[in-house]
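S.K.: model.csv (CSV, C-alpha atoms) pasted underneath:
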```csv
chain,number,residue,atom,x,y,z
A,30,MET,CA,0.0,0.0,0.0
A,31,GLN,CA,2.8,2.4,0.8
A,32,THR,CA,4.4,1.7,-2.6
A,33,VAL,CA,1.2,2.5,-4.5
A,34,GLU,CA,0.7,5.7,-2.5
A,35,MET,CA,4.3,6.8,-3.1
A,36,LYS,CA,3.9,6.3,-6.8
A,37,ARG,CA,0.8,8.5,-6.8
A,38,VAL,CA,2.7,11.3,-5.0
A,39,GLU,CA,5.6,11.0,-7.3
A,40,SER,CA,3.3,11.1,-10.4
A,41,LYS,CA,1.6,14.2,-9.0
A,42,GLN,CA,4.9,15.9,-8.4
A,43,MET,CA,6.1,15.1,-11.9
A,44,ARG,CA,2.9,16.7,-13.4
A,45,VAL,CA,3.5,19.8,-11.3
A,46,MET,CA,7.1,20.0,-12.5
A,47,ARG,CA,6.2,19.5,-16.1
A,48,THR,CA,3.5,22.2,-15.8
A,49,ALA,CA,6.0,24.6,-14.2
A,50,THR,CA,8.6,23.9,-16.9
A,51,ALA,CA,6.1,24.5,-19.6
A,52,MET,CA,5.0,27.8,-18.1
A,53,GLY,CA,8.6,28.8,-17.7
A,54,ALA,CA,9.3,28.0,-21.3
A,55,MET,CA,6.3,30.1,-22.5
A,56,ALA,CA,7.4,33.0,-20.3
A,57,ALA,CA,10.9,32.8,-21.8
A,58,MET,CA,9.5,32.8,-25.3
A,59,LEU,CA,7.5,35.9,-24.6
A,60,VAL,CA,10.5,37.7,-23.1
A,61,LEU,CA,12.7,36.8,-26.0
A,62,ALA,CA,10.0,37.9,-28.5
A,63,GLY,CA,9.9,41.3,-26.8
A,64,CYS,CA,13.6,41.7,-27.1
A,65,ARG,CA,13.7,42.1,-30.9
A,66,GLN,CA,15.5,45.2,-31.9
A,67,ASP,CA,13.7,45.9,-35.2
A,68,MET,CA,12.0,49.1,-33.8
A,69,HIS,CA,14.9,50.1,-31.5
A,70,ASN,CA,17.8,50.1,-34.0
A,71,GLN,CA,16.2,52.6,-36.4
A,72,PRO,CA,18.2,54.3,-39.1
A,73,LYS,CA,17.8,57.7,-37.5
A,74,PHE,CA,20.0,60.6,-36.5
A,75,VAL,CA,20.0,61.8,-32.9
A,76,PRO,CA,19.9,65.6,-32.5
A,77,GLN,CA,23.3,67.2,-31.8
A,78,ARG,CA,25.1,63.9,-32.5
A,79,GLY,CA,27.7,63.6,-35.2
A,80,THR,CA,27.6,61.3,-38.1
A,81,THR,CA,29.9,60.1,-40.9
A,82,PHE,CA,27.0,60.1,-43.4
A,83,PHE,CA,27.3,63.8,-44.2
A,84,ALA,CA,30.6,65.4,-45.3
A,85,ASP,CA,30.4,68.1,-42.6
A,86,GLY,CA,30.0,65.5,-39.8
A,87,ARG,CA,26.7,66.9,-38.5
A,88,SER,CA,23.5,64.9,-38.4
A,89,ALA,CA,21.2,67.9,-38.4
A,90,ARG,CA,20.9,69.7,-41.7
A,91,PRO,CA,21.1,73.5,-41.9
A,92,GLN,CA,17.7,75.1,-42.5
A,93,VAL,CA,16.9,76.5,-45.9
A,94,GLU,CA,17.6,80.3,-46.0
A,95,ASN,CA,14.7,82.4,-44.9
A,96,THR,CA,12.9,79.4,-43.3
A,97,VAL,CA,10.0,80.6,-41.0
A,98,ALA,CA,8.2,78.4,-38.6
A,99,ARG,CA,4.5,77.9,-39.2
A,100,ASN,CA,2.3,80.8,-38.0
A,101,GLN,CA,5.5,82.8,-37.2
A,102,LEU,CA,6.0,84.8,-40.3
A,103,HIS,CA,5.3,88.1,-38.6
A,104,GLU,CA,6.1,90.1,-41.7
A,105,ASP,CA,4.6,93.3,-40.4
A,106,GLN,CA,6.7,93.8,-37.2
A,107,TYR,CA,4.5,96.8,-36.1
A,108,PHE,CA,1.4,94.6,-36.1
A,109,TYR,CA,3.1,92.1,-33.7
A,110,THR,CA,5.2,94.4,-31.5
A,111,GLY,CA,3.7,97.9,-31.6
A,112,LEU,CA,7.2,99.2,-32.2
A,113,LYS,CA,8.7,101.1,-35.1
A,114,ASP,CA,12.5,101.3,-35.2
A,115,GLY,CA,12.5,100.2,-31.6
A,116,LYS,CA,10.1,102.9,-30.4
A,117,GLU,CA,6.4,102.7,-29.6
A,118,GLY,CA,4.4,103.8,-32.7
A,119,ASP,CA,1.2,105.6,-32.9
A,120,GLY,CA,-1.8,104.6,-35.1
A,121,LEU,CA,-3.2,101.3,-36.2
A,122,PRO,CA,-1.1,98.9,-38.3
A,123,ALA,CA,-2.0,98.5,-42.0
A,124,GLU,CA,-3.9,95.3,-41.4
A,125,LEU,CA,-6.6,97.0,-39.4
A,126,THR,CA,-9.1,99.8,-40.1
A,127,LEU,CA,-10.8,101.9,-37.4
A,128,THR,CA,-14.4,100.9,-37.5
A,129,THR,CA,-17.3,100.7,-35.0
A,130,GLU,CA,-16.9,96.9,-35.1
A,131,LEU,CA,-13.2,97.2,-34.0
A,132,ILE,CA,-14.1,99.4,-31.1
A,133,GLU,CA,-16.9,97.1,-30.0
A,134,ARG,CA,-14.6,94.1,-30.2
A,135,GLY,CA,-12.1,96.1,-28.1
A,136,GLN,CA,-14.7,96.9,-25.5
A,137,GLU,CA,-15.7,93.2,-25.3
A,138,ARG,CA,-12.1,92.1,-24.8
A,139,TYR,CA,-11.3,95.0,-22.4
A,140,ASN,CA,-14.3,94.1,-20.2
A,141,ILE,CA,-13.1,90.5,-20.0
A,142,TYR,CA,-9.4,90.9,-19.4
A,143,CYS,CA,-8.8,94.5,-18.2
A,144,THR,CA,-11.7,95.6,-16.0
A,145,PRO,CA,-10.6,93.5,-12.9
A,146,CYS,CA,-7.6,95.9,-12.5
A,147,HIS,CA,-8.4,99.0,-14.5
A,148,SER,CA,-12.2,99.1,-14.0
A,149,ARG,CA,-14.8,99.6,-16.6
A,150,VAL,CA,-13.9,103.3,-17.0
A,151,GLY,CA,-10.1,102.8,-16.9
A,152,ASN,CA,-9.3,104.7,-13.8
A,153,GLY,CA,-7.2,101.9,-12.3
A,154,VAL,CA,-9.6,101.1,-9.4
A,155,GLY,CA,-10.8,97.7,-10.5
A,156,MET,CA,-12.4,95.2,-8.2
A,157,ILE,CA,-9.2,93.2,-7.4
A,158,VAL,CA,-7.4,96.5,-6.6
A,159,GLN,CA,-10.2,97.3,-4.1
A,160,ARG,CA,-9.5,93.8,-2.6
A,161,GLY,CA,-5.8,94.6,-2.1
A,162,TYR,CA,-4.0,94.1,-5.4
A,163,ARG,CA,-1.5,96.8,-6.4
A,164,PRO,CA,-3.2,99.9,-7.9
A,165,ALA,CA,-3.3,99.7,-11.7
A,166,GLY,CA,-2.6,102.3,-14.3
A,167,ASN,CA,-5.0,105.1,-14.6
A,168,PHE,CA,-5.7,105.8,-18.3
A,169,HIS,CA,-6.9,109.3,-17.6
A,170,GLU,CA,-3.7,110.8,-16.3
A,171,ASP,CA,-1.6,112.9,-18.7
A,172,ARG,CA,1.2,110.3,-19.0
A,173,LEU,CA,-1.2,107.7,-20.5
A,174,ARG,CA,-3.5,110.1,-22.2
A,175,ASN,CA,-0.5,111.3,-24.3
A,176,ALA,CA,1.0,107.8,-24.8
A,177,PRO,CA,1.1,106.5,-28.3
A,178,LEU,CA,-1.3,103.7,-29.3
A,179,GLY,CA,1.6,101.3,-29.6
A,180,HIS,CA,2.4,101.8,-25.9
A,181,PHE,CA,-0.8,100.0,-24.8
A,182,PHE,CA,-0.2,97.2,-27.3
A,183,ASN,CA,3.4,96.8,-26.1
A,184,VAL,CA,2.3,96.7,-22.4
A,185,MET,CA,-0.4,94.0,-23.2
A,186,THR,CA,2.2,92.1,-25.1
A,187,ASN,CA,5.1,92.2,-22.6
A,188,GLY,CA,3.7,93.4,-19.3
A,189,TYR,CA,4.7,96.5,-17.3
A,190,GLY,CA,5.5,96.9,-13.6
A,191,ALA,CA,3.1,94.6,-11.6
A,192,MET,CA,1.0,93.9,-14.7
A,193,PRO,CA,1.8,90.5,-16.4
A,194,ASP,CA,1.7,90.1,-20.1
A,195,TYR,CA,-1.4,89.0,-21.9
A,196,ALA,CA,0.1,87.8,-25.1
A,197,ALA,CA,-1.1,84.2,-24.5
A,198,GLN,CA,-4.7,85.2,-23.7
A,199,VAL,CA,-5.3,88.0,-26.3
A,200,THR,CA,-4.4,87.8,-30.0
A,201,PRO,CA,-2.5,90.6,-31.6
A,202,ALA,CA,-5.6,91.9,-33.5
A,203,ASP,CA,-7.6,91.9,-30.2
A,204,ARG,CA,-4.7,93.8,-28.4
A,205,TRP,CA,-5.0,96.5,-31.0
A,206,ALA,CA,-8.8,96.5,-30.6
A,207,ILE,CA,-8.4,97.0,-26.9
A,208,ALA,CA,-5.9,99.8,-27.4
A,209,VAL,CA,-8.4,101.6,-29.7
A,210,TYR,CA,-11.1,101.2,-27.0
A,211,ILE,CA,-8.8,102.6,-24.4
A,212,ARG,CA,-8.6,105.7,-26.6
A,213,ALA,CA,-12.4,105.8,-26.6
A,214,LEU,CA,-12.4,105.6,-22.8
A,215,GLN,CA,-9.9,108.4,-22.5
A,216,LEU,CA,-12.1,110.6,-24.8
A,217,SER,CA,-15.2,109.8,-22.8
A,218,GLN,CA,-13.6,111.1,-19.6
A,219,ASP,CA,-11.9,114.1,-21.2
A,220,ALA,CA,-14.5,115.3,-23.7
A,221,LYS,CA,-15.1,119.0,-24.2
A,222,ALA,CA,-18.2,120.8,-25.4
A,223,SER,CA,-16.6,121.3,-28.8
A,224,ASP,CA,-16.3,117.5,-29.2
A,225,VAL,CA,-20.1,116.9,-29.2
A,226,ALA,CA,-20.9,118.7,-32.4
A,227,GLY,CA,-23.6,121.0,-31.1
A,228,ALA,CA,-25.4,118.4,-29.0
A,229,GLN,CA,-26.9,119.5,-25.7
A,230,VAL,CA,-24.4,119.2,-22.8
A,231,LYS,CA,-25.7,118.6,-19.3
A,232,ASP,CA,-23.7,118.5,-16.0
A,233,LEU,CA,-23.2,115.0,-14.8
A,234,HIS,CA,-24.0,115.8,-11.2
A,235,GLN,CA,-27.4,117.2,-12.3
A,236,ILE,CA,-28.0,114.0,-14.4
A,237,ALA,CA,-27.1,111.8,-11.4
A,238,HIS,CA,-29.5,113.9,-9.2
A,239,ASP,CA,-32.3,113.6,-11.7
A,240,GLU,CA,-31.8,109.9,-12.0
A,241,GLY,CA,-32.0,109.4,-8.3
A,242,MET,CA,-28.4,108.3,-7.8
A,243,GLN,CA,-26.9,108.3,-4.4
A,244,PRO,CA,-24.9,111.4,-3.3
A,245,GLY,CA,-21.4,111.5,-4.6
A,246,PHE,CA,-22.2,109.2,-7.6
A,247,ALA,CA,-20.7,111.7,-10.1
A,248,ASP,CA,-17.8,112.8,-7.9
A,249,PRO,CA,-14.2,112.0,-9.0
A,250,TRP,CA,-13.0,108.5,-8.4
A,251,VAL,CA,-10.8,107.8,-5.4
A,252,LEU,CA,-8.6,104.8,-4.6
A,253,PRO,CA,-10.4,102.8,-1.8
A,254,ALA,CA,-8.7,102.3,1.5
A,255,THR,CA,-8.6,98.6,0.9
A,256,ALA,CA,-6.1,99.0,-1.9
A,257,ILE,CA,-2.4,98.6,-0.9
A,258,TYR,CA,1.0,98.8,-2.5
A,259,GLY,CA,2.2,95.6,-0.9
A,260,THR,CA,5.3,97.2,0.6
A,261,PRO,CA,6.2,97.1,4.3
A,262,ASP,CA,5.4,100.8,4.7
A,263,ASN,CA,2.5,100.8,2.1
A,264,GLN,CA,4.4,103.3,0.0
A,265,ASP,CA,5.0,103.3,-3.8
A,266,HIS,CA,8.8,103.1,-4.3
A,267,GLY,CA,9.0,103.9,-8.0
A,268,ILE,CA,7.5,100.8,-9.6
A,269,PRO,CA,7.0,101.7,-13.3
A,270,GLY,CA,3.7,103.2,-14.3
A,271,GLN,CA,2.7,104.7,-11.0
A,272,PRO,CA,3.4,108.1,-9.5
A,273,THR,CA,5.1,108.1,-6.1
A,274,GLY,CA,2.8,108.4,-3.1
A,275,THR,CA,0.7,106.6,-0.5
A,276,THR,CA,-2.6,104.9,-1.2
A,277,THR,CA,-4.4,108.0,0.1
A,278,THR,CA,-2.8,110.1,-2.7
A,279,ALA,CA,-2.9,107.5,-5.4
A,280,PRO,CA,-4.0,108.8,-8.8
A,281,THR,CA,-7.6,109.4,-9.5
A,282,ALA,CA,-9.4,110.0,-12.8
A,283,ALA,CA,-10.5,113.4,-13.8
A,284,PRO,CA,-14.3,113.8,-13.1
A,285,ALA,CA,-16.7,113.4,-16.0
A,286,ALA,CA,-18.2,116.8,-15.5
A,287,SER,CA,-20.7,116.7,-18.3
A,288,VAL,CA,-22.2,114.4,-20.9
A,289,ALA,CA,-24.0,115.1,-24.2
A,290,LYS,CA,-27.6,114.4,-24.8
```
Would you put the structure from the file into structure tokens?
M.R.:
Amino acid sequence: MQTVEMKRVESKQMRVMRTATAMGAMAAMLVLAGCRQDMHNQPKFVPQRGTTFFADGRSARPQVENTVARNQLHEDQYFYTGLKDGKEGDGLPAELTLTTELIERGQERYNIYCTPCHSRVGNGVGMIVQRGYRPAGNFHEDRLRNAPLGHFFNVMTNGYGAMPDYAAQVTPADRWAIAVYIRALQLSQDAKASDVAGAQVKDLHQIAHDEGMQPGFADPWVLPATAIYGTPDNQDHGIPGQPTGTTTTAPTAAPAASVAK
């Protein structure tokens, strides 16, 4: 009886060993199949690595003269930089025409990207400035009122002071449209009676009173006390684009004294 039982155990062990051997052989075949080098040893050139294939010993071929990357032709440098001979130019590039549609497009883009800092009227007291961000540029001060159109395009493209660039968010054409709309904002806050071509001019304070607005609605804008400069003494220390002074004397826009009807 012991002999029969031992034979059964040995037979079972042999089956297990044969199975294990077969599985091991299959695994080895799979591993060997995956080690083929057909796709690894490609006839290719590695960048910056030399080769004997070309006479000059370089694997990379020199680009054809005047080669330009796709979508990077930028033939009209003024359209893409706002600069002429290294200086900020004035006026629109040749690709654009001043139209009502262009101004409306600029208004739409301005309201999306610019109002958080500069406000809807461009006085630099946007909502996030009121929440503590650095005071933004006031488009109604003389420095920016007299700045060329290319200045605004250049600032949107490259940033200025605490303002980051918006080149990734706003296309060149839309940056020009925004610059044009800024000009319209400046005119709206600095218009004179002679600019309205004989239309009736009424005092803005009287209009606000007649419309039932709260007292002070038509007064000049002031920087809210919540706005800060972010410096230890809350002083402006010459960061580009801002006059020197404390938050209590930060720039305010000229009051819109009158409007045309």
S.K.: Residues near stretch 188-201 of chain A, anyone? I mean within 12 Å using all atoms listed in the file, not counting same-chain ones fewer than 4 positions away, as a PyMOL selection string.
M.R.: chain A and resi 103+105-111+121-122+124-125+134-135+137-139+141-143+145-147+153+158+162-166+179-184+205-208+258-259+265-271
S.K.: Quick one: distance from atom CA of A:Pro177 to atom CA of A:Leu102 in Å, one decimal?
M.R.: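 Interatomic distance here is 25.3 Å.
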S.K.: Could you work out how far atom CA of A:Glu130 lies from atom CA of A:Val209, giving the answer in Å with one decimal?
M.R.: 11.1 Å
S.K.: Could you check which of A:Val45, A:Val93, A:Met52, A:Leu214 is closest to A:Gln136, using all atoms listed in the file?
M.R.: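 For A:Gln136, the nearest of the candidates is A:Leu214.
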S.K.: Which residues are near stretch 90-92 of chain A? Cut-off 12 Å, all atoms listed in the file, ignore same chain within fewer than 6 positions. Put them as a list in words.
M.R.: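 In the requested form, the answer reads Phe74, Val75, Pro76, Gln77, Arg78, Gly79, Thr80, Phe82, Phe83, Ala84 and Ala98 of chain A.
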S.K.: Just give me the gap between atom CA of A:Glu39 and atom CA of A:Met55 in Å, one decimal is fine.
M.R.: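 Separation between atom CA of A:Glu39 and atom CA of A:Met55: 24.4 Å.
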S.K.: At a cut-off of 8 Å, using only C-alpha atoms, what residues contact A:Arg149? Leave out same-chain residues fewer than 5 positions from it and give the result as a PyMOL selection string.
M.R.: chain A and resi 140+144+155
